[in-house]
$ cat my_file07.cif   # mmCIF, C-alpha atoms
data_structure
#
loop_
_atom_site.label_atom_id
_atom_site.label_comp_id
_atom_site.auth_asym_id
_atom_site.auth_seq_id
_atom_site.Cartn_x
_atom_site.Cartn_y
_atom_site.Cartn_z
CA MET A 1 86.37 81.03 93.35
CA LYS A 2 87.36 84.67 93.86
CA ASN A 3 89.95 86.58 91.83
CA PHE A 4 93.39 86.49 93.46
CA SER A 5 95.32 88.51 90.87
CA GLY A 6 95.86 92.17 90.17
CA LYS A 7 97.72 95.30 91.14
CA ALA A 8 99.28 95.25 94.59
CA LEU A 9 99.19 97.76 97.41
CA LEU A 10 102.46 97.70 99.37
CA LEU A 11 102.09 98.39 103.09
CA ASN A 12 105.61 98.41 104.49
CA ARG A 13 104.89 97.91 108.17
CA SER A 14 104.42 95.08 110.63
CA ASP A 15 101.60 94.82 113.18
CA ILE A 16 98.85 96.46 111.13
CA ASN A 17 95.87 95.84 113.38
CA THR A 18 92.20 95.31 112.66
CA ASP A 19 91.30 98.79 113.91
CA GLU A 20 93.66 100.24 111.29
CA ILE A 21 92.10 97.98 108.64
CA ILE A 22 88.55 99.03 109.58
CA PRO A 23 88.13 101.42 112.52
CA ALA A 24 85.85 100.20 115.33
CA ARG A 25 83.42 103.10 114.90
CA TYR A 26 82.16 101.43 111.68
CA LEU A 27 81.39 98.07 113.27
CA THR A 28 77.75 99.06 113.72
CA GLU A 29 77.24 98.94 109.94
CA ILE A 30 74.93 96.12 108.94
CA THR A 31 76.22 95.38 105.43
CA LYS A 32 79.67 94.67 104.03
CA ASP A 33 79.13 97.36 101.39
CA ALA A 34 78.75 99.99 104.11
CA LEU A 35 82.36 99.26 105.18
CA LYS A 36 83.80 99.94 101.72
CA PRO A 37 84.77 103.62 102.00
CA TYR A 38 86.52 103.15 105.35
CA LEU A 39 89.12 100.50 104.47
CA LEU A 40 92.51 101.36 105.98
CA GLU A 41 91.18 104.73 107.14
CA GLY A 42 92.92 104.20 110.47
CA LEU A 43 96.31 103.34 108.94
CA HIS A 44 98.91 106.07 109.19
CA LEU A 45 101.93 105.52 106.95
CA ASP A 46 104.05 108.27 105.45
CA GLY A 47 102.70 109.10 102.00
CA PHE A 48 99.74 106.71 102.26
CA ASP A 49 96.28 108.00 101.37
CA PRO A 50 93.62 105.28 101.28
CA ARG A 51 91.34 107.23 98.95
CA ARG A 52 94.16 107.60 96.43
CA ASP A 53 96.11 104.37 96.96
CA ILE A 54 93.43 101.65 97.33
CA PRO A 55 91.31 102.05 94.16
CA GLY A 56 92.36 99.59 91.49
CA LYS A 57 94.29 97.36 93.90
CA SER A 58 93.27 93.77 94.57
CA VAL A 59 96.31 92.44 96.45
CA ILE A 60 98.08 93.64 99.60
CA ILE A 61 101.74 92.88 100.28
CA THR A 62 102.85 93.63 103.82
CA ARG A 63 105.08 92.61 106.70
CA SER A 64 104.44 90.46 109.80
CA ASN A 65 101.47 90.07 112.13
CA PHE A 66 98.93 91.57 109.72
CA GLY A 67 95.43 91.65 111.22
CA CYS A 68 96.46 91.64 114.87
CA GLY A 69 94.10 93.12 117.43
CA SER A 70 90.51 92.03 117.77
CA SER A 71 88.99 88.92 116.25
CA ARG A 72 86.31 90.69 114.24
CA GLU A 73 85.39 89.48 110.76
CA HIS A 74 84.86 93.05 109.61
CA ALA A 75 88.54 93.46 108.64
CA PRO A 76 88.47 90.74 105.94
CA TRP A 77 84.99 91.89 104.91
CA ALA A 78 86.27 95.43 104.33
CA LEU A 79 89.07 94.02 102.17
CA GLU A 80 86.68 91.78 100.23
CA VAL A 81 84.13 94.51 99.50
CA ASN A 82 86.99 96.59 98.07
CA GLY A 83 88.00 93.74 95.75
CA ILE A 84 91.07 92.71 97.78
CA ASN A 85 90.96 88.92 98.11
CA LEU A 86 94.66 88.23 98.58
CA VAL A 87 97.02 89.40 101.32
CA ILE A 88 100.66 88.30 101.13
CA ALA A 89 102.64 88.81 104.34
CA GLU A 90 105.46 87.49 106.47
CA GLY A 91 102.79 86.40 108.95
CA PHE A 92 99.25 86.97 110.15
CA ALA A 93 97.38 87.13 113.38
CA ARG A 94 95.83 83.66 113.68
CA ILE A 95 92.17 84.68 113.86
CA PHE A 96 92.46 87.24 111.06
CA ARG A 97 94.12 84.62 108.84
CA GLN A 98 91.34 82.12 109.50
CA ASN A 99 88.66 84.76 108.91
CA MET A 100 90.22 85.36 105.47
CA TYR A 101 89.94 81.65 104.60
CA ASN A 102 86.46 81.45 106.13
CA GLY A 103 85.47 84.10 103.56
CA GLY A 104 87.07 82.20 100.67
CA MET A 105 89.99 84.62 100.51
CA LEU A 106 93.75 83.97 100.53
CA ALA A 107 96.16 84.91 103.32
CA VAL A 108 99.56 83.65 102.15
CA GLU A 109 102.67 83.69 104.29
CA LEU A 110 106.05 84.07 102.58
CA HIS A 111 109.55 84.16 104.02
CA PRO A 112 110.75 87.65 105.07
CA ASP A 113 113.50 87.54 102.41
CA THR A 114 110.85 87.00 99.73
CA ILE A 115 108.75 89.86 101.11
CA ASP A 116 111.87 92.06 101.03
CA ARG A 117 112.34 91.16 97.34
CA LEU A 118 108.74 92.07 96.60
CA PHE A 119 109.17 95.46 98.24
CA ARG A 120 112.35 96.05 96.21
CA LEU A 121 110.50 95.12 93.01
CA GLY A 122 107.63 97.41 93.99
CA ALA A 123 110.03 100.32 94.51
CA ALA A 124 110.51 100.37 90.73
CA GLY A 125 106.84 101.22 90.22
CA GLU A 126 103.56 99.37 89.91
CA ILE A 127 103.60 95.74 90.98
CA THR A 128 101.14 93.15 89.69
CA VAL A 129 100.56 89.66 91.05
CA GLU A 130 99.12 86.80 89.00
CA THR A 131 98.01 83.85 91.10
CA ASP A 132 98.12 80.31 89.77
CA PHE A 133 96.12 78.72 92.57
CA GLU A 134 96.34 75.18 91.20
CA ARG A 135 100.15 75.27 90.97
CA GLY A 136 100.62 77.27 94.17
CA GLN A 137 102.53 80.04 92.42
CA PHE A 138 102.54 83.77 92.10
CA VAL A 139 103.98 85.49 89.06
CA VAL A 140 105.00 88.96 90.13
CA HIS A 141 105.54 91.69 87.52
CA ALA A 142 107.23 95.01 88.31
CA GLY A 143 109.58 97.40 86.55
CA GLY A 144 109.85 95.18 83.47
CA GLU A 145 110.85 92.17 85.57
CA SER A 146 108.90 89.01 86.41
CA GLU A 147 109.47 86.54 89.18
CA ARG A 148 107.76 83.23 90.05
CA ILE A 149 107.21 82.59 93.73
CA GLY A 150 105.81 79.38 95.14
CA PHE A 151 103.40 79.23 98.06
CA THR A 152 101.65 76.57 100.10
CA ILE A 153 98.44 76.53 102.08
CA SER A 154 96.87 73.70 104.04
CA ASP A 155 94.54 71.26 102.29
CA PHE A 156 91.64 72.45 104.44
CA ASP A 157 92.25 76.12 103.62
CA ARG A 158 92.50 75.16 99.93
CA GLN A 159 89.06 73.52 100.20
CA LEU A 160 87.61 76.63 101.86
CA VAL A 161 88.93 78.82 99.02
CA ILE A 162 87.64 76.48 96.32
CA ALA A 163 84.20 76.34 97.97
CA GLY A 164 84.06 80.14 98.34
CA GLY A 165 84.32 80.16 102.13
CA TRP A 166 83.28 78.28 105.25
CA LEU A 167 79.50 78.55 104.78
CA GLU A 168 79.67 77.27 101.21
CA TYR A 169 82.06 74.49 102.30
CA ALA A 170 79.72 73.45 105.14
CA ASP A 171 76.69 73.49 102.82
CA LYS A 172 78.47 71.05 100.49
CA LYS A 173 79.89 68.78 103.21
CA TYR A 174 77.20 68.64 105.89
#
$ encode --input "my_file07.cif" --output "structure tokens"
Amino acid sequence: MKNFSGKALLLNRSDINTDEIIPARYLTEITKDALKPYLLEGLHLDGFDPRRDIPGKSVIITRSNFGCGSSREHAPWALEVNGINLVIAEGFARIFRQNMYNGGMLAVELHPDTIDRLFRLGAAGEITVETDFERGQFVVHAGGESERIGFTISDFDRQLVIAGGWLEYADKKY
């Protein structure tokens, strides 16, 4: 199973699309590793610099409809190759969300009030998320404070994560 804990990157915007996650001009690359330097290159947020802000982060916390746009798998692949295996959001585009689970990654939806609290905690400085997958809990640390937040995912998605993704799941089941 992948690592789902670490320092978080806060992206305070809804509707971040797959072309902002990995611009279409890089879809001709033939390996996941080739996508690595271009993660979030197309995202324009005040004060955000992907080369400065992504290194060392392994979690993204964002708003609603993350991963909207095209159905390409390259967006989760670009996250994965950069060590980001967990995205926490108010909501996801359906196909993006399933592509995350198909790759053995976590796409966890939390209530908007909870996301607001996480952004407030993150305003105090660095925010770190510890994931207790078995208990369905995050422990969030920021500004000297800690908070436990519960989450749920479907049984099938849980099995995909445990297996390491859809291919590994299918190899074991079929």
$ closest_residue --input "my_file07.cif" --among "A:Val87, A:Val161, A:Ala34, A:Ala170" --to "Gly67 (chain A)" --atoms "all atoms listed in the file"
A:Val87
$ residues_near_point --input "my_file07.cif" --point "(102.7, 90.9, 117.7)" --cutoff "12 Å" --atoms "only C-alpha atoms" --output "ChimeraX atom specification"
/A:14-17,63-69,91-94
$ atom_distance --input "my_file07.cif" --atom1 "CA of Phe4 (chain A)" --atom2 "CA of Leu79 (chain A)"
12.3 Å
$ resolve_selection --input "my_file07.cif" --expression "the PyMOL selection byres ((chain A and resi 134) around 12)" --output "JSON, numbers by chain"
{"A": [1, 4, 131, 132, 133, 135, 136, 137, 138, 150, 151, 152, 153, 155, 158, 159, 161, 162]}
$ residues_around --input "my_file07.cif" --residues "Asp46 (chain A)" --least-positions-apart "3" --cutoff "12 Å" --atoms "all atoms listed in the file" --output "number ranges by chain"
A: 11-13, 43, 49-50
$ residues_around --input "my_file07.cif" --residues "Leu110 (chain A)" --least-positions-apart "3" --cutoff "8 Å" --atoms "all atoms listed in the file" --output "NGL selection string"
:A and (88-91 or 114-115 or 151)
$ write_last_selection --input "my_file07.cif" --atoms "C-alpha atoms" --output "compact mmCIF listing (two decimals), in the frame of the given file"
# COMPACT_ATOMS: atom_id res chain seq x y z
CA ILE A 88 100.66 88.30 101.13
CA ALA A 89 102.64 88.81 104.34
CA GLU A 90 105.46 87.49 106.47
CA GLY A 91 102.79 86.40 108.95
CA THR A 114 110.85 87.00 99.73
CA ILE A 115 108.75 89.86 101.11
CA PHE A 151 103.40 79.23 98.06
$ atom_distance --input "my_file07.cif" --atom1 "CA of Thr128 (chain A)" --atom2 "CA of Val140 (chain A)"
5.7 Å
$ resolve_selection --input "my_file07.cif" --expression "the PyMOL selection byres ((chain A and resi 142-145) around 9)" --output "list in words"
Leu118, Leu121, Gly122, Ala123, Ala124, Gly125, Glu126, Ile127, Thr128, Val129, Val140, His141, Ser146 and Glu147 of chain A
$ atom_distance --input "my_file07.cif" --atom1 "CA of Thr18 (chain A)" --atom2 "CA of Tyr38 (chain A)"
12.1 Å
$ closest_residue --input "my_file07.cif" --among "A:Tyr26, A:Tyr169, A:Tyr174, A:Trp77" --to "Met100 (chain A)" --atoms "only C-alpha atoms"
A:Trp77
$ closest_residue --input "my_file07.cif" --among "A:Pro112, A:His74, A:Gly104, A:Phe119" --to "Phe156 (chain A)" --atoms "only C-alpha atoms"
A:Gly104
$ closest_residue --input "my_file07.cif" --among "A:Gly42, A:Gly47, A:Pro37, A:Gly6" --to "Ile84 (chain A)" --atoms "only C-alpha atoms"
A:Gly6
$ closest_residue --input "my_file07.cif" --among "A:Ala78, A:Val108, A:Ile60, A:Leu167" --to "Asp33 (chain A)" --atoms "all atoms listed in the file"
A:Ala78
